>>> print(open('my_file.cif').read())   # mmCIF, C-alpha atoms
data_start
loop_
_atom_site.label_atom_id
_atom_site.label_comp_id
_atom_site.auth_asym_id
_atom_site.auth_seq_id
_atom_site.Cartn_x
_atom_site.Cartn_y
_atom_site.Cartn_z
CA MET A 259 85.53 70.28 13.38
CA THR A 260 86.38 71.73 10.00
CA ASP A 261 83.96 70.80 7.25
CA PHE A 262 85.39 68.16 4.97
CA CYS A 263 84.62 67.05 1.44
CA PHE A 264 86.30 64.34 -0.58
CA SER A 265 85.52 63.81 -4.23
CA ALA A 266 87.42 62.68 -7.28
CA PHE A 267 89.80 65.20 -8.78
CA MET A 268 88.79 64.39 -12.35
CA ASP A 269 85.80 65.83 -14.17
CA TYR A 270 82.53 64.11 -13.27
CA ASP A 271 81.50 63.38 -16.88
CA ILE A 272 84.93 61.96 -17.71
CA LEU A 273 84.79 59.65 -14.70
CA LYS A 274 81.35 58.41 -15.72
CA LYS A 275 82.65 57.55 -19.18
CA LEU A 276 85.69 55.78 -17.74
CA GLY A 277 83.56 53.87 -15.29
CA GLY A 278 81.18 52.49 -17.88
CA ASP A 279 77.52 51.62 -17.46
CA THR A 280 77.96 49.83 -14.11
CA MET A 281 79.57 52.77 -12.33
CA ALA A 282 77.35 54.62 -9.89
CA THR A 283 77.83 58.03 -8.32
CA ILE A 284 77.12 58.02 -4.60
CA LEU A 285 76.82 60.88 -2.11
CA MET A 286 77.43 60.30 1.59
CA ILE A 287 77.03 62.82 4.43
CA ASP A 288 78.26 61.94 7.93
CA ASP A 289 80.17 63.99 10.50
CA GLU A 290 82.39 61.01 11.44
CA ARG A 291 85.41 60.94 9.12
CA PRO A 292 86.39 57.31 9.92
CA ILE A 293 82.90 56.20 8.85
CA LEU A 294 83.18 58.25 5.66
CA GLU A 295 86.52 56.67 4.80
CA LEU A 296 85.29 53.17 5.59
CA VAL A 297 82.24 53.48 3.38
CA LYS A 298 84.07 55.34 0.60
CA ASN A 299 86.80 52.71 0.41
CA GLY A 300 84.27 49.86 0.50
CA LEU A 301 82.06 51.28 -2.25
CA GLN A 302 85.03 52.19 -4.42
CA LYS A 303 85.95 48.49 -4.41
CA ASP A 304 82.64 47.94 -6.20
CA GLY A 305 83.64 50.46 -8.86
CA HIS A 306 81.53 53.38 -7.65
CA LEU A 307 82.43 57.06 -7.59
CA VAL A 308 81.87 58.31 -4.04
CA THR A 309 81.67 61.91 -2.82
CA VAL A 310 81.60 62.43 0.96
CA TYR A 311 80.84 65.43 3.15
CA THR A 312 80.91 66.05 6.89
CA SER A 313 78.34 68.83 6.51
CA ALA A 314 75.08 68.83 4.58
CA ALA A 315 75.37 72.60 4.16
CA GLN A 316 78.33 72.04 1.84
CA VAL A 317 76.39 70.00 -0.70
CA PRO A 318 75.26 72.03 -3.75
CA LEU A 319 71.54 71.41 -4.17
CA ASP A 320 71.73 71.96 -7.92
CA LYS A 321 74.15 69.00 -8.19
CA LEU A 322 72.04 66.47 -6.31
CA ASN A 323 70.44 65.04 -9.43
CA ARG A 324 73.80 63.66 -10.58
CA TYR A 325 73.84 61.07 -7.79
CA ASP A 326 72.52 57.53 -8.20
CA LEU A 327 72.21 56.95 -4.44
CA ILE A 328 72.51 59.04 -1.26
CA ILE A 329 73.61 57.87 2.22
CA LEU A 330 72.71 60.11 5.16
CA ASP A 331 73.64 60.08 8.83
CA ILE A 332 70.77 61.19 11.07
CA MET A 333 72.71 62.88 13.87
CA MET A 334 74.62 65.74 12.21
CA PRO A 335 75.59 69.09 13.74
CA ASP A 336 74.17 71.51 11.17
CA ILE A 337 70.96 69.73 10.09
CA ASP A 338 69.65 66.31 11.06
CA GLY A 339 69.29 63.62 8.42
CA PHE A 340 65.50 63.56 8.72
CA SER A 341 65.19 67.27 7.92
CA TYR A 342 67.70 67.01 5.09
CA CYS A 343 65.91 64.01 3.57
CA ASP A 344 62.64 65.91 3.71
CA LYS A 345 64.34 68.90 2.08
CA ILE A 346 65.85 67.02 -0.87
CA ARG A 347 63.32 64.22 -1.48
CA SER A 348 61.42 66.29 -4.03
CA LEU A 349 64.69 67.18 -5.76
CA VAL A 350 66.00 63.65 -6.32
CA ASP A 351 64.53 60.36 -7.47
CA CYS A 352 67.40 58.15 -6.32
CA PRO A 353 67.41 55.78 -3.31
CA ILE A 354 68.19 57.35 0.08
CA LEU A 355 69.69 55.22 2.87
CA PHE A 356 70.00 56.28 6.51
CA LEU A 357 73.01 55.41 8.67
CA THR A 358 72.42 56.03 12.34
CA ALA A 359 72.98 54.88 15.88
CA LYS A 360 69.26 55.19 16.56
CA THR A 361 67.30 51.94 16.79
CA MET A 362 63.86 53.02 18.01
CA GLU A 363 60.97 51.90 15.81
CA ASN A 364 59.51 55.42 15.81
CA ASP A 365 62.72 56.74 14.24
CA ILE A 366 62.56 54.08 11.53
CA THR A 367 58.90 54.84 10.84
CA PHE A 368 59.54 58.57 10.67
CA GLY A 369 62.56 58.27 8.36
CA LEU A 370 60.88 55.88 5.93
CA GLY A 371 57.79 58.06 5.94
CA LEU A 372 59.89 60.97 4.70
CA GLY A 373 60.82 58.95 1.62
CA ALA A 374 64.00 57.15 2.66
CA ASP A 375 64.40 53.71 1.09
CA ASP A 376 66.47 51.84 3.67
CA TYR A 377 67.92 52.07 7.16
CA LEU A 378 71.12 50.66 8.67
CA THR A 379 72.17 51.10 12.29
CA LYS A 380 75.69 51.65 13.58
CA PRO A 381 77.83 49.72 14.10
CA PHE A 382 77.32 47.97 10.77
CA ARG A 383 79.22 45.50 8.60
CA ILE A 384 80.65 47.18 5.52
CA THR A 385 79.81 44.02 3.54
CA GLU A 386 76.14 44.44 4.42
CA LEU A 387 76.18 48.11 3.47
CA ARG A 388 77.80 47.28 0.14
CA ALA A 389 75.20 44.56 -0.49
CA ARG A 390 72.32 46.93 0.25
CA VAL A 391 73.75 49.73 -1.87
CA ASN A 392 74.36 47.45 -4.84
CA ALA A 393 70.92 45.86 -4.48
CA HIS A 394 69.26 49.27 -4.64
CA LEU A 395 71.39 50.26 -7.62
CA ARG A 396 70.60 47.05 -9.50
CA ARG A 397 66.91 47.53 -9.04
CA GLU A 398 67.13 51.21 -9.88
CA HIS A 399 68.58 50.44 -13.30
CA ARG A 400 66.33 47.52 -14.12
CA GLU A 401 63.91 48.35 -16.91
CA ARG A 402 60.17 47.70 -16.60
CA HIS A 403 57.89 47.28 -19.61
CA ILE A 404 54.56 45.87 -18.43
CA ALA A 405 51.65 46.72 -16.16
CA LEU A 406 49.67 44.74 -13.60
CA THR A 407 45.93 45.33 -13.23
CA PHE A 408 43.71 44.27 -10.30
CA ASP A 409 40.17 45.62 -10.55
CA ARG A 410 40.58 49.26 -9.43
CA ILE A 411 44.38 49.00 -9.01
CA LYS A 412 46.87 49.39 -11.86
CA ILE A 413 50.64 49.10 -11.41
CA ASP A 414 52.73 50.59 -14.20
CA LEU A 415 56.01 48.69 -13.96
CA SER A 416 57.75 50.96 -16.44
CA ALA A 417 56.82 54.22 -14.71
CA LYS A 418 57.04 52.57 -11.25
CA GLU A 419 53.65 53.99 -10.38
CA LEU A 420 50.60 52.54 -8.63
CA ARG A 421 47.15 53.98 -9.34
CA VAL A 422 43.72 53.39 -7.85
CA ASP A 423 40.86 54.47 -10.11
CA ASN A 424 43.56 56.09 -12.26
CA ILE A 425 44.66 58.31 -9.36
CA PRO A 426 48.33 57.90 -8.32
CA VAL A 427 48.95 56.63 -4.77
CA PRO A 428 51.94 58.60 -3.34
CA LEU A 429 54.13 55.63 -2.41
CA THR A 430 57.82 55.98 -1.60
CA LYS A 431 60.19 53.97 -3.77
CA SER A 432 60.52 51.17 -1.22
CA GLU A 433 56.77 51.03 -0.62
CA TYR A 434 56.21 50.74 -4.36
CA LEU A 435 58.75 47.91 -4.68
CA ILE A 436 57.05 45.91 -1.94
CA CYS A 437 53.66 46.37 -3.66
CA GLU A 438 55.16 45.36 -6.99
CA TYR A 439 56.71 42.21 -5.57
CA LEU A 440 53.56 41.07 -3.75
CA ALA A 441 51.32 41.96 -6.69
CA SER A 442 53.58 40.08 -9.11
CA ASN A 443 53.04 36.99 -6.94
CA LYS A 444 49.34 37.46 -6.20
CA GLY A 445 47.91 34.95 -3.74
CA GLN A 446 51.28 33.72 -2.46
CA VAL A 447 52.19 34.28 1.18
CA PHE A 448 55.62 35.70 2.00
CA SER A 449 57.28 36.25 5.35
CA LYS A 450 58.78 39.63 6.20
CA GLU A 451 62.25 38.17 5.72
CA GLN A 452 61.37 36.79 2.27
CA ILE A 453 59.92 40.12 1.19
CA TYR A 454 63.01 42.00 2.34
CA GLU A 455 65.43 39.63 0.62
CA ALA A 456 63.45 39.47 -2.63
CA THR A 457 62.72 43.18 -2.82
CA PHE A 458 66.21 44.43 -2.07
CA SER A 459 68.26 41.37 -3.11
CA LEU A 460 70.02 41.34 0.24
CA TYR A 461 71.95 38.52 1.84
CA GLY A 462 72.37 37.56 5.48
CA GLU A 463 70.05 38.72 8.23
CA SER A 464 66.85 40.44 7.24
CA ASP A 465 65.48 43.59 8.83
CA SER A 466 61.89 42.48 9.36
CA SER A 467 61.02 45.64 11.32
CA THR A 468 61.71 47.69 8.20
CA ILE A 469 59.21 45.63 6.17
CA SER A 470 56.59 45.93 8.92
CA THR A 471 57.02 49.70 8.92
CA HIS A 472 56.77 49.95 5.13
CA ILE A 473 53.58 47.86 5.02
CA LYS A 474 52.06 49.93 7.82
CA ASN A 475 52.71 53.07 5.77
CA ILE A 476 51.38 51.43 2.58
CA ARG A 477 48.13 50.49 4.30
CA SER A 478 47.74 54.01 5.64
CA LYS A 479 47.96 55.39 2.10
CA PHE A 480 45.59 52.75 0.69
CA GLU A 481 43.06 53.53 3.42
CA LYS A 482 42.22 56.80 1.67
CA THR A 483 41.34 54.90 -1.53
CA GLY A 484 38.99 52.36 0.02
CA VAL A 485 41.04 49.34 -1.08
CA GLN A 486 43.41 47.17 0.97
CA PRO A 487 45.12 44.61 -1.29
CA ILE A 488 47.79 43.51 1.23
CA VAL A 489 46.45 40.89 3.64
CA THR A 490 48.16 39.70 6.82
CA VAL A 491 48.38 35.95 7.23
CA TRP A 492 48.92 35.71 10.96
CA GLY A 493 52.04 33.90 12.02
CA ILE A 494 53.33 33.68 8.44
CA GLY A 495 53.47 37.00 6.61
CA TYR A 496 51.63 38.89 3.88
CA ARG A 497 49.94 38.30 0.52
CA TRP A 498 48.37 40.39 -2.24
CA GLU A 499 44.78 39.56 -3.09
#
>>> encode(input="my_file.cif", output="structure tokens")
Amino acid sequence: MTDFCFSAFMDYDILKKLGGDTMATILMIDDERPILELVKNGLQKDGHLVTVYTSAAQVPLDKLNRYDLIILDIMMPDIDGFSYCDKIRSLVDCPILFLTAKTMENDITFGLGLGADDYLTKPFRITELRARVNAHLRREHRERHIALTFDRIKIDLSAKELRVDNIPVPLTKSEYLICEYLASNKGQVFSKEQIYEATFSLYGESDSSTISTHIKNIRSKFEKTGVQPIVTVWGIGYRWE
């Protein structure tokens, strides 16, 4: 299959000005052209500028920082989505979503551990994808101006950083958001579904396995600090204490 790229024909900066503050620039890489067209058309209805590629090798690395969100397929011919996510995670600070036919929990754990923020399996509803994308974008642009402090733990809501004894804990964006939500509601118990909906502002069915995976990874990172603020309330969910 010949490599394929679709982008707008106008200058990027001009399009951003025309689109206003709510317009987002989104990159999608998938070797299935019908999927690319489906997602591109759906996200354009929300006013976003979408650039799509069938090959990750085509994407200029020095242009990645212009994107507000990246959607990756896992099974691609030139480089798999996991390897590409690992390659670019240090280059971009935007949300990364995986689209894939894989449903095994190990795949989800591995992908999120590389720094991806969300995971949607094929076949998917375009309305759900649009809701997830827009939820991530809304949160990405929301300003934070305060900090939360719990003994040895400090959460800087402006910098989106969690520290223990003033040492940063290397959380992914999604892991940080879960900590922020639970910490902002200290002592309250939330189910996995409630955490997912509140954290990502999603509607419809929740992906509770994604939350379980994130919390597992969060606890692994906290283990090195000697603190474990997230407590499991068996049969109900989780709370921050």
>>> resolve_selection(input="my_file.cif", expression="the PyMOL selection byres ((chain A and resi 317) around 12)", output="list in words")
Asp261, Phe262, Cys263, Phe264, Ser265, Leu285, Met286, Ile287, Asp288, Thr309, Val310, Tyr311, Thr312, Ser313, Ala314, Ala315, Gln316, Pro318, Leu319, Asp320, Lys321, Leu322, Asn323, Tyr325, Ile328, Tyr342 and Ile346 of chain A
>>> resolve_selection(input="my_file.cif", expression="the PyMOL selection byres ((chain A and resi 379) around 6)", output="NGL selection string")
:A and (357-359 or 378 or 380)
>>> atom_distance(input="my_file.cif", atom1="atom CA of A:His472", atom2="atom CA of A:Gly369")
10.6 Å
>>> resolve_selection(input="my_file.cif", expression="the PyMOL selection byres ((chain A and resi 333) around 10)", output="PyMOL selection string")
chain A and resi 288-289+330-332+334-340+357-360
>>> residues_around(input="my_file.cif", residues="A:Ile354", least_positions_apart="2", cutoff="6 Å", atoms="all atoms listed in the file", output="list in words")
Ile328, Ile329, Ala374 and Asp375 of chain A
>>> atom_distance(input="my_file.cif", atom1="atom CA of A:Ser442", atom2="atom CA of A:Val350")
26.8 Å
>>> closest_residue(input="my_file.cif", among="A:Leu327, A:Leu301, A:Leu415, A:Ile284", to="A:Ile384", atoms="only C-alpha atoms")
A:Leu301
>>> residues_near_point(input="my_file.cif", point="(44.2, 44.4, -11.2)", cutoff="10 Å", atoms="all atoms listed in the file", output="ChimeraX atom specification")
/A:405-413,422,441,444,487,499
